[in-house]
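Have a look at work_28.pdb below; it lists PDB, C-alpha atoms, pLDDT in the B column.
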```pdb
ATOM      1  CA  MET A   1     147.392 137.568-151.298  1.00 53.00           C
ATOM      2  CA  THR A   2     148.278 139.904-154.159  1.00 60.00           C
ATOM      3  CA  TRP A   3     146.235 140.271-157.300  1.00 51.00           C
ATOM      4  CA  ALA A   4     148.963 138.439-159.284  1.00 54.00           C
ATOM      5  CA  GLY A   5     148.862 135.545-156.816  1.00 55.00           C
ATOM      6  CA  ARG A   6     145.084 135.259-157.042  1.00 54.00           C
ATOM      7  CA  ARG A   7     145.316 135.342-160.842  1.00 55.00           C
ATOM      8  CA  GLN A   8     147.899 132.538-160.827  1.00 58.00           C
ATOM      9  CA  LEU A   9     145.778 130.412-158.465  1.00 54.00           C
ATOM     10  CA  PHE A  10     142.729 130.933-160.709  1.00 52.00           C
ATOM     11  CA  ILE A  11     144.688 129.773-163.770  1.00 57.00           C
ATOM     12  CA  ILE A  12     146.019 126.676-161.976  1.00 58.00           C
ATOM     13  CA  GLY A  13     142.505 125.803-160.800  1.00 56.00           C
ATOM     14  CA  GLY A  14     141.154 126.138-164.332  1.00 53.00           C
ATOM     15  CA  ILE A  15     143.836 123.857-165.722  1.00 60.00           C
ATOM     16  CA  ALA A  16     143.131 121.258-162.993  1.00 54.00           C
ATOM     17  CA  PHE A  17     139.400 121.363-163.795  1.00 52.00           C
ATOM     18  CA  VAL A  18     140.062 120.751-167.505  1.00 49.00           C
ATOM     19  CA  LEU A  19     142.414 117.834-166.748  1.00 51.00           C
ATOM     20  CA  ILE A  20     139.860 116.196-164.459  1.00 55.00           C
ATOM     21  CA  ALA A  21     137.106 116.592-167.062  1.00 55.00           C
ATOM     22  CA  VAL A  22     139.309 115.012-169.739  1.00 52.00           C
ATOM     23  CA  LEU A  23     140.799 112.176-167.658  1.00 50.00           C
ATOM     24  CA  PHE A  24     137.733 111.148-165.579  1.00 50.00           C
ATOM     25  CA  PRO A  25     136.201 108.871-168.261  1.00 54.00           C
ATOM     26  CA  VAL A  26     139.550 107.056-168.459  1.00 51.00           C
ATOM     27  CA  VAL A  27     140.121 106.843-164.716  1.00 49.00           C
ATOM     28  CA  LYS A  28     136.534 105.875-163.817  1.00 50.00           C
ATOM     29  CA  PRO A  29     136.737 102.221-165.022  1.00 51.00           C
ATOM     30  CA  VAL A  30     139.830 101.756-162.871  1.00 54.00           C
ATOM     31  CA  VAL A  31     138.189 103.303-159.808  1.00 61.00           C
ATOM     32  CA  ALA A  32     134.803 101.593-160.344  1.00 66.00           C
ATOM     33  CA  PRO A  33     135.200  98.433-162.492  1.00 79.00           C
ATOM     34  CA  ALA A  34     132.219  97.069-164.367  1.00 86.00           C
ATOM     35  CA  PRO A  35     130.182  94.488-162.405  1.00 87.00           C
ATOM     36  CA  THR A  36     130.737  90.815-163.265  1.00 86.00           C
ATOM     37  CA  CYS A  37     129.423  87.422-162.197  1.00 87.00           C
ATOM     38  CA  PHE A  38     132.620  86.805-160.232  1.00 85.00           C
ATOM     39  CA  ASP A  39     133.015  90.003-158.163  1.00 85.00           C
ATOM     40  CA  ASN A  40     131.441  88.592-154.962  1.00 89.00           C
ATOM     41  CA  LYS A  41     128.738  91.282-155.055  1.00 87.00           C
ATOM     42  CA  GLN A  42     125.013  91.306-155.769  1.00 88.00           C
ATOM     43  CA  ASN A  43     124.617  93.684-158.697  1.00 88.00           C
ATOM     44  CA  GLN A  44     123.526  93.803-162.378  1.00 81.00           C
ATOM     45  CA  ASP A  45     120.021  92.436-161.577  1.00 82.00           C
ATOM     46  CA  GLU A  46     121.423  89.344-159.819  1.00 80.00           C
ATOM     47  CA  LYS A  47     119.056  87.603-157.378  1.00 78.00           C
ATOM     48  CA  GLY A  48     121.936  86.746-155.054  1.00 83.00           C
ATOM     49  CA  ILE A  49     125.695  87.194-154.949  1.00 85.00           C
ATOM     50  CA  ASP A  50     126.994  86.312-158.434  1.00 82.00           C
ATOM     51  CA  CYS A  51     123.956  84.150-159.273  1.00 81.00           C
ATOM     52  CA  SER A  52     120.878  84.345-161.551  1.00 80.00           C
ATOM     53  CA  GLY A  53     120.091  87.450-163.587  1.00 78.00           C
ATOM     54  CA  PRO A  54     122.769  87.562-166.309  1.00 82.00           C
ATOM     55  CA  CYS A  55     124.933  84.965-164.517  1.00 81.00           C
ATOM     56  CA  GLN A  56     125.043  81.312-165.588  1.00 72.00           C
ATOM     57  CA  LYS A  57     125.117  80.130-161.977  1.00 76.00           C
ATOM     58  CA  ILE A  58     121.614  79.945-160.514  1.00 75.00           C
ATOM     59  CA  CYS A  59     120.764  81.001-156.971  1.00 77.00           C
ATOM     60  CA  PRO A  60     119.739  77.976-154.848  1.00 69.00           C
ATOM     61  CA  SER A  61     116.442  79.656-153.918  1.00 70.00           C
ATOM     62  CA  GLU A  62     115.290  80.001-157.549  1.00 71.00           C
ATOM     63  CA  PRO A  63     114.772  76.419-158.817  1.00 76.00           C
ATOM     64  CA  SER A  64     112.318  73.945-157.365  1.00 79.00           C
ATOM     65  CA  LEU A  65     114.030  71.403-155.144  1.00 83.00           C
ATOM     66  CA  VAL A  66     115.184  68.021-156.406  1.00 89.00           C
ATOM     67  CA  LYS A  67     113.125  65.305-154.720  1.00 92.00           C
ATOM     68  CA  VAL A  68     114.240  61.851-153.624  1.00 93.00           C
ATOM     69  CA  LEU A  69     111.352  59.548-154.578  1.00 94.00           C
ATOM     70  CA  TRP A  70     112.785  56.457-152.906  1.00 95.00           C
ATOM     71  CA  VAL A  71     116.058  54.820-151.911  1.00 96.00           C
ATOM     72  CA  ARG A  72     116.585  51.083-151.493  1.00 96.00           C
ATOM     73  CA  PRO A  73     119.363  48.528-150.861  1.00 95.00           C
ATOM     74  CA  PHE A  74     119.521  45.249-152.828  1.00 95.00           C
ATOM     75  CA  LYS A  75     121.426  42.187-151.657  1.00 92.00           C
ATOM     76  CA  VAL A  76     123.650  40.687-154.367  1.00 90.00           C
ATOM     77  CA  ALA A  77     125.708  38.281-152.193  1.00 89.00           C
ATOM     78  CA  ASP A  78     126.485  37.692-148.530  1.00 88.00           C
ATOM     79  CA  CYS A  79     127.496  41.068-147.047  1.00 91.00           C
ATOM     80  CA  VAL A  80     127.478  42.696-150.499  1.00 93.00           C
ATOM     81  CA  TYR A  81     124.795  45.161-151.621  1.00 94.00           C
ATOM     82  CA  ASN A  82     123.827  47.457-154.446  1.00 95.00           C
ATOM     83  CA  ALA A  83     121.736  50.520-153.695  1.00 96.00           C
ATOM     84  CA  VAL A  84     119.674  52.948-155.775  1.00 97.00           C
ATOM     85  CA  ALA A  85     118.166  56.350-155.036  1.00 96.00           C
ATOM     86  CA  TYR A  86     115.485  57.566-157.446  1.00 95.00           C
ATOM     87  CA  VAL A  87     115.605  61.360-157.770  1.00 95.00           C
ATOM     88  CA  THR A  88     113.568  63.777-159.863  1.00 94.00           C
ATOM     89  CA  ASN A  89     114.478  67.290-161.033  1.00 92.00           C
ATOM     90  CA  PRO A  90     111.200  69.093-161.922  1.00 90.00           C
ATOM     91  CA  ASN A  91     112.950  72.156-163.379  1.00 88.00           C
ATOM     92  CA  ALA A  92     112.757  72.513-167.163  1.00 85.00           C
ATOM     93  CA  GLU A  93     115.747  74.891-167.430  1.00 85.00           C
ATOM     94  CA  PHE A  94     117.978  74.177-164.459  1.00 88.00           C
ATOM     95  CA  ALA A  95     120.553  71.400-164.100  1.00 90.00           C
ATOM     96  CA  ILE A  96     122.820  70.510-161.178  1.00 89.00           C
ATOM     97  CA  LEU A  97     126.503  69.942-161.876  1.00 89.00           C
ATOM     98  CA  ASN A  98     128.754  67.801-159.701  1.00 90.00           C
ATOM     99  CA  ALA A  99     126.234  67.526-156.865  1.00 91.00           C
ATOM    100  CA  PRO A 100     127.668  65.871-153.717  1.00 94.00           C
ATOM    101  CA  TYR A 101     125.622  63.093-152.159  1.00 95.00           C
ATOM    102  CA  THR A 102     125.786  60.658-149.252  1.00 96.00           C
ATOM    103  CA  LEU A 103     124.264  57.174-149.213  1.00 97.00           C
ATOM    104  CA  LYS A 104     123.949  55.366-145.866  1.00 96.00           C
ATOM    105  CA  LEU A 105     122.948  51.760-145.176  1.00 95.00           C
ATOM    106  CA  PHE A 106     121.329  50.702-141.887  1.00 95.00           C
ATOM    107  CA  ASP A 107     120.544  47.344-140.302  1.00 92.00           C
ATOM    108  CA  ASP A 108     117.154  46.243-138.976  1.00 89.00           C
ATOM    109  CA  LYS A 109     117.873  47.996-135.651  1.00 90.00           C
ATOM    110  CA  ASN A 110     118.464  51.313-137.438  1.00 91.00           C
ATOM    111  CA  ILE A 111     122.213  51.167-136.723  1.00 92.00           C
ATOM    112  CA  LEU A 112     124.496  52.611-139.404  1.00 94.00           C
ATOM    113  CA  VAL A 113     126.387  49.854-141.224  1.00 93.00           C
ATOM    114  CA  THR A 114     128.305  51.804-143.862  1.00 94.00           C
ATOM    115  CA  GLU A 115     128.115  54.837-146.120  1.00 94.00           C
ATOM    116  CA  ARG A 116     129.196  55.970-149.571  1.00 95.00           C
ATOM    117  CA  LYS A 117     129.875  59.493-150.855  1.00 95.00           C
ATOM    118  CA  GLY A 118     129.916  60.598-154.486  1.00 94.00           C
ATOM    119  CA  TYR A 119     129.077  63.261-157.065  1.00 93.00           C
ATOM    120  CA  ILE A 120     126.413  63.313-159.779  1.00 91.00           C
ATOM    121  CA  ASP A 121     125.132  65.569-162.579  1.00 90.00           C
ATOM    122  CA  ILE A 122     121.339  65.894-162.731  1.00 91.00           C
ATOM    123  CA  ALA A 123     119.882  67.177-166.014  1.00 89.00           C
ATOM    124  CA  PRO A 124     116.718  69.307-166.261  1.00 90.00           C
ATOM    125  CA  LYS A 125     113.303  67.643-166.192  1.00 88.00           C
ATOM    126  CA  VAL A 126     114.463  64.093-165.447  1.00 90.00           C
ATOM    127  CA  THR A 127     113.726  61.250-163.100  1.00 92.00           C
ATOM    128  CA  MET A 128     116.835  59.099-162.755  1.00 93.00           C
ATOM    129  CA  PRO A 129     118.530  56.500-160.543  1.00 95.00           C
ATOM    130  CA  ILE A 130     121.731  57.182-158.636  1.00 95.00           C
ATOM    131  CA  PHE A 131     123.481  53.838-158.305  1.00 96.00           C
ATOM    132  CA  GLU A 132     126.090  52.602-155.857  1.00 96.00           C
ATOM    133  CA  GLY A 133     127.248  49.038-156.399  1.00 94.00           C
ATOM    134  CA  GLY A 134     129.419  46.429-154.750  1.00 94.00           C
ATOM    135  CA  ILE A 135     128.995  47.843-151.236  1.00 94.00           C
ATOM    136  CA  VAL A 136     130.747  45.429-148.873  1.00 93.00           C
ATOM    137  CA  THR A 137     129.301  45.477-145.359  1.00 91.00           C
ATOM    138  CA  SER A 138     130.221  43.982-142.011  1.00 83.00           C
ATOM    139  CA  LYS A 139     126.672  42.713-141.533  1.00 73.00           C
ATOM    140  CA  ALA A 140     124.371  40.655-143.729  1.00 71.00           C
ATOM    141  CA  ASN A 141     121.103  42.133-142.483  1.00 86.00           C
ATOM    142  CA  VAL A 142     121.031  45.560-144.162  1.00 92.00           C
ATOM    143  CA  SER A 143     117.383  46.525-144.336  1.00 91.00           C
ATOM    144  CA  GLN A 144     117.133  50.212-145.257  1.00 93.00           C
ATOM    145  CA  ALA A 145     119.014  53.080-146.874  1.00 96.00           C
ATOM    146  CA  PHE A 146     119.136  56.856-146.583  1.00 96.00           C
ATOM    147  CA  PHE A 147     120.153  59.277-149.351  1.00 96.00           C
ATOM    148  CA  ASP A 148     120.994  62.958-149.042  1.00 94.00           C
ATOM    149  CA  LEU A 149     122.091  65.617-151.541  1.00 90.00           C
ATOM    150  CA  GLY A 150     124.396  68.374-150.319  1.00 84.00           C
ATOM    151  CA  ASP A 151     122.961  71.775-149.415  1.00 80.00           C
ATOM    152  CA  ASP A 152     125.193  73.999-151.586  1.00 80.00           C
ATOM    153  CA  LEU A 153     124.201  72.742-155.048  1.00 85.00           C
ATOM    154  CA  ASN A 154     125.738  74.137-158.224  1.00 87.00           C
ATOM    155  CA  TRP A 155     122.659  75.060-160.282  1.00 87.00           C
ATOM    156  CA  GLN A 156     123.231  75.974-163.937  1.00 87.00           C
ATOM    157  CA  ARG A 157     120.862  77.130-166.669  1.00 84.00           C
ATOM    158  CA  GLU A 158     120.790  74.299-169.206  1.00 77.00           C
ATOM    159  CA  ALA A 159     117.560  74.168-171.192  1.00 60.00           C
ATOM    160  CA  GLY A 160     116.774  71.786-173.999  1.00 53.00           C
ATOM    161  CA  VAL A 161     119.103  68.886-173.174  1.00 56.00           C
ATOM    162  CA  LYS A 162     119.130  66.560-176.163  1.00 63.00           C
ATOM    163  CA  LYS A 163     118.706  62.850-175.596  1.00 69.00           C
ATOM    164  CA  LYS A 164     121.948  61.244-176.771  1.00 85.00           C
ATOM    165  CA  ILE A 165     121.204  57.539-176.405  1.00 91.00           C
ATOM    166  CA  SER A 166     118.168  55.449-177.238  1.00 93.00           C
ATOM    167  CA  VAL A 167     117.514  52.196-175.367  1.00 95.00           C
ATOM    168  CA  GLY A 168     115.620  49.290-176.866  1.00 96.00           C
ATOM    169  CA  ALA A 169     113.179  47.039-175.056  1.00 96.00           C
ATOM    170  CA  PRO A 170     114.840  44.996-172.287  1.00 97.00           C
ATOM    171  CA  VAL A 171     115.016  41.216-172.680  1.00 97.00           C
ATOM    172  CA  LEU A 172     114.824  39.124-169.490  1.00 97.00           C
ATOM    173  CA  GLU A 173     116.293  35.658-168.986  1.00 96.00           C
ATOM    174  CA  ASN A 174     115.003  34.718-165.550  1.00 94.00           C
ATOM    175  CA  GLY A 175     116.334  31.859-163.465  1.00 90.00           C
ATOM    176  CA  ALA A 176     118.923  31.057-160.817  1.00 92.00           C
ATOM    177  CA  THR A 177     121.250  33.730-162.242  1.00 94.00           C
ATOM    178  CA  PRO A 178     118.986  36.267-164.018  1.00 96.00           C
ATOM    179  CA  LYS A 179     120.141  38.322-166.980  1.00 97.00           C
ATOM    180  CA  VAL A 180     118.705  41.439-168.663  1.00 98.00           C
ATOM    181  CA  SER A 181     119.950  42.626-172.044  1.00 98.00           C
ATOM    182  CA  ALA A 182     119.062  45.469-174.405  1.00 98.00           C
ATOM    183  CA  THR A 183     120.278  47.198-177.548  1.00 97.00           C
ATOM    184  CA  VAL A 184     121.394  50.817-177.212  1.00 96.00           C
ATOM    185  CA  GLN A 185     122.217  53.376-179.902  1.00 95.00           C
ATOM    186  CA  ASN A 186     124.178  56.613-179.953  1.00 94.00           C
ATOM    187  CA  THR A 187     121.851  59.035-181.758  1.00 91.00           C
ATOM    188  CA  THR A 188     124.419  61.835-182.079  1.00 88.00           C
ATOM    189  CA  LEU A 189     127.243  62.536-184.534  1.00 88.00           C
ATOM    190  CA  GLU A 190     129.879  62.427-181.802  1.00 90.00           C
ATOM    191  CA  ILE A 191     131.751  59.564-180.182  1.00 92.00           C
ATOM    192  CA  LEU A 192     130.571  58.868-176.639  1.00 92.00           C
ATOM    193  CA  ARG A 193     133.006  57.221-174.213  1.00 92.00           C
ATOM    194  CA  LYS A 194     132.563  55.470-170.883  1.00 92.00           C
ATOM    195  CA  VAL A 195     128.757  55.487-171.017  1.00 92.00           C
ATOM    196  CA  PRO A 196     127.185  54.063-167.821  1.00 94.00           C
ATOM    197  CA  PHE A 197     123.789  52.348-167.817  1.00 96.00           C
ATOM    198  CA  VAL A 198     121.676  51.463-164.784  1.00 96.00           C
ATOM    199  CA  VAL A 199     118.854  48.930-164.752  1.00 97.00           C
ATOM    200  CA  VAL A 200     116.132  48.673-162.121  1.00 97.00           C
ATOM    201  CA  VAL A 201     113.944  45.574-162.014  1.00 97.00           C
ATOM    202  CA  PHE A 202     110.522  45.978-160.394  1.00 97.00           C
ATOM    203  CA  ASP A 203     108.038  43.377-159.203  1.00 96.00           C
ATOM    204  CA  GLU A 204     104.458  43.163-160.449  1.00 95.00           C
ATOM    205  CA  LYS A 205     103.321  45.711-157.845  1.00 95.00           C
ATOM    206  CA  GLY A 206     105.881  48.286-159.001  1.00 94.00           C
ATOM    207  CA  ASN A 207     108.324  47.822-156.122  1.00 95.00           C
ATOM    208  CA  ALA A 208     112.026  47.769-157.017  1.00 95.00           C
ATOM    209  CA  GLN A 209     113.611  44.387-156.256  1.00 95.00           C
ATOM    210  CA  ALA A 210     117.003  44.490-158.026  1.00 96.00           C
ATOM    211  CA  ALA A 211     119.415  46.899-159.691  1.00 96.00           C
ATOM    212  CA  SER A 212     122.706  46.748-161.526  1.00 96.00           C
ATOM    213  CA  GLU A 213     125.083  48.852-163.616  1.00 96.00           C
ATOM    214  CA  THR A 214     127.241  48.350-166.692  1.00 96.00           C
ATOM    215  CA  THR A 215     129.422  50.597-168.851  1.00 95.00           C
ATOM    216  CA  VAL A 216     129.995  50.764-172.603  1.00 95.00           C
ATOM    217  CA  ASP A 217     133.565  51.875-173.288  1.00 94.00           C
ATOM    218  CA  SER A 218     132.761  53.615-176.563  1.00 93.00           C
ATOM    219  CA  LEU A 219     129.771  54.332-178.819  1.00 93.00           C
ATOM    220  CA  GLY A 220     130.565  55.800-182.245  1.00 93.00           C
ATOM    221  CA  LYS A 221     128.347  58.004-184.387  1.00 91.00           C
ATOM    222  CA  ASN A 222     124.945  56.271-184.703  1.00 91.00           C
ATOM    223  CA  GLU A 223     126.568  53.072-183.453  1.00 94.00           C
ATOM    224  CA  THR A 224     124.572  50.351-181.661  1.00 95.00           C
ATOM    225  CA  ALA A 225     125.743  47.988-178.941  1.00 96.00           C
ATOM    226  CA  GLU A 226     124.290  45.321-176.675  1.00 97.00           C
ATOM    227  CA  ILE A 227     124.377  45.822-172.914  1.00 97.00           C
ATOM    228  CA  VAL A 228     123.980  42.993-170.409  1.00 97.00           C
ATOM    229  CA  PHE A 229     123.203  42.995-166.667  1.00 97.00           C
ATOM    230  CA  THR A 230     123.555  39.856-164.516  1.00 95.00           C
ATOM    231  CA  TRP A 231     122.846  38.835-160.914  1.00 95.00           C
ATOM    232  CA  GLN A 232     124.195  36.032-158.730  1.00 92.00           C
ATOM    233  CA  LEU A 233     120.931  35.505-156.854  1.00 91.00           C
ATOM    234  CA  PRO A 234     117.452  34.814-158.305  1.00 94.00           C
ATOM    235  CA  PHE A 235     114.740  37.442-158.087  1.00 94.00           C
ATOM    236  CA  GLU A 236     112.513  36.856-155.071  1.00 91.00           C
ATOM    237  CA  LYS A 237     109.277  37.981-156.766  1.00 94.00           C
ATOM    238  CA  ALA A 238     107.704  37.808-160.195  1.00 95.00           C
ATOM    239  CA  VAL A 239     109.203  40.423-162.522  1.00 96.00           C
ATOM    240  CA  GLY A 240     107.188  43.480-163.565  1.00 96.00           C
ATOM    241  CA  PRO A 241     108.549  46.570-165.359  1.00 97.00           C
ATOM    242  CA  ILE A 242     112.251  46.796-166.205  1.00 97.00           C
ATOM    243  CA  GLU A 243     113.730  50.274-166.660  1.00 96.00           C
ATOM    244  CA  ILE A 244     117.157  51.030-168.166  1.00 96.00           C
ATOM    245  CA  TYR A 245     118.720  54.485-167.892  1.00 94.00           C
ATOM    246  CA  PRO A 246     121.731  55.836-169.773  1.00 92.00           C
ATOM    247  CA  LEU A 247     123.601  58.207-167.480  1.00 84.00           C
ATOM    248  CA  THR A 248     126.142  60.963-168.144  1.00 66.00           C
ATOM    249  CA  ALA A 249     128.724  60.051-170.778  1.00 50.00           C
ATOM    250  CA  ASP A 250     132.220  61.510-171.052  1.00 46.00           C
TER     251      ASP A 250
END
```
Would you mind writing the file's structure down as structure tokens?
Amino acid sequence: MTWAGRRQLFIIGGIAFVLIAVLFPVVKPVVAPAPTCFDNKQNQDEKGIDCSGPCQKICPSEPSLVKVLWVRPFKVADCVYNAVAYVTNPNAEFAILNAPYTLKLFDDKNILVTERKGYIDIAPKVTMPIFEGGIVTSKANVSQAFFDLGDDLNWQREAGVKKKISVGAPVLENGATPKVSATVQNTTLEILRKVPFVVVVFDEKGNAQAASETTVDSLGKNETAEIVFTWQLPFEKAVGPIEIYPLTAD
């Protein structure tokens, strides 16, 4: 190669070096985009793929597990049952959104009679009932129930959940067709719609013996309303504590 050719190659190389130095900061974000919580990679101090660290979604291994304290069926008529699972979320900062669950009813020979599937939100630091009502069965001798939450739970960081509804003391009218009533109040400055309430009636030894659900269509700002639960069959045992829970409102 002649001296002129080498000189020309040197100049071209210098120009290319300058262009790369100038354009690299612009090209780099395109070549290597900034990490996000939706890039299907474990980066930016995440504890799993797109979970924990700076991400709102929490890795399943981080929170303590939700525990099922008990699950029980309650006969409300021939071949018709209600059922309740009592669950507790011990985590002060972590909620579960749209958790899938399965409820199964068995007869006294441990043969599956029927099952229900659903979804539930579980707030931080709560113990709450999950209610399934009006379960029509092919057999009248349902004796036990099984409840299971799905494995792939959608954990979210949600600290400091404010109590939206206050519930007054329950009033019992016992008899052939028992009734429990209570006054509830919306303690927020927003209108709450389709608010479900679940009641669990215990006996004097603290064992659940009946459950029911009702819904208030609308509760205005600071508005109060009366809720009523009824049963077709009398309670089998003397009544002990009565607990009423407001669940997630729209």
For Val199 (chain A), list every protein, DNA or RNA residue within 12 Å, evaluated using all atoms listed in the file, and leave out those in the same chain fewer than 4 positions away; present the list as a PyMOL selection string. chain A and resi 82-84+86+128-131+133+167+169-172+179-182+208-215+227-231+241-247
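Of note, CA of Glu132 (chain A) and CA of Arg116 (chain A) are spaced 7.8 Å apart.
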Using the chain letters and numbering of this document, enumerate as a ChimeraX atom specification the residues selected by the PyMOL selection byres ((chain A and resi 140) around 10). /A:75,77-81,107,113,136-139,141-143
Specify as an NGL selection string each residue included when the PyMOL selection byres ((chain A and resi 195) around 6) is applied to this file. :A and (193-194 or 196 or 215-216 or 249)
Produce a file of the selected residues containing C-alpha atoms, as an mmCIF file, in the coordinates of the input.
```cif
data_model
loop_
_atom_site.group_PDB
_atom_site.id
_atom_site.type_symbol
_atom_site.label_atom_id
_atom_site.label_comp_id
_atom_site.auth_asym_id
_atom_site.auth_seq_id
_atom_site.Cartn_x
_atom_site.Cartn_y
_atom_site.Cartn_z
ATOM 1 C CA ARG A 193 133.006 57.221 -174.213
ATOM 2 C CA LYS A 194 132.563 55.470 -170.883
ATOM 3 C CA PRO A 196 127.185 54.063 -167.821
ATOM 4 C CA THR A 215 129.422 50.597 -168.851
ATOM 5 C CA VAL A 216 129.995 50.764 -172.603
ATOM 6 C CA ALA A 249 128.724 60.051 -170.778
#
```
Can you list what the PyMOL selection byres ((chain A and resi 51) around 10) grabs from this structure, as an MDAnalysis selection string? chainID A and resid 37:38 40:43 45:50 52:60 62 155:156
Selected residues written out with C-alpha atoms, as a JSON list (two decimals), keeping the file's coordinate frame:
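So the final result, stored in selection.json, reads:
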```
[["chain", "number", "residue", "atom", "x", "y", "z"],
["A", 37, "CYS", "CA", 129.42, 87.42, -162.20],
["A", 38, "PHE", "CA", 132.62, 86.80, -160.23],
["A", 40, "ASN", "CA", 131.44, 88.59, -154.96],
["A", 41, "LYS", "CA", 128.74, 91.28, -155.06],
["A", 42, "GLN", "CA", 125.01, 91.31, -155.77],
["A", 43, "ASN", "CA", 124.62, 93.68, -158.70],
["A", 45, "ASP", "CA", 120.02, 92.44, -161.58],
["A", 46, "GLU", "CA", 121.42, 89.34, -159.82],
["A", 47, "LYS", "CA", 119.06, 87.60, -157.38],
["A", 48, "GLY", "CA", 121.94, 86.75, -155.05],
["A", 49, "ILE", "CA", 125.70, 87.19, -154.95],
["A", 50, "ASP", "CA", 126.99, 86.31, -158.43],
["A", 52, "SER", "CA", 120.88, 84.34, -161.55],
["A", 53, "GLY", "CA", 120.09, 87.45, -163.59],
["A", 54, "PRO", "CA", 122.77, 87.56, -166.31],
["A", 55, "CYS", "CA", 124.93, 84.96, -164.52],
["A", 56, "GLN", "CA", 125.04, 81.31, -165.59],
["A", 57, "LYS", "CA", 125.12, 80.13, -161.98],
["A", 58, "ILE", "CA", 121.61, 79.94, -160.51],
["A", 59, "CYS", "CA", 120.76, 81.00, -156.97],
["A", 60, "PRO", "CA", 119.74, 77.98, -154.85],
["A", 62, "GLU", "CA", 115.29, 80.00, -157.55],
["A", 155, "TRP", "CA", 122.66, 75.06, -160.28],
["A", 156, "GLN", "CA", 123.23, 75.97, -163.94]]
```
Quick one: residues within 7 Å of Val87 (chain A), only C-alpha atoms counted, chain neighbours fewer than 6 positions away excluded, as a PyMOL selection string? chain A and resi 66-69+127-129
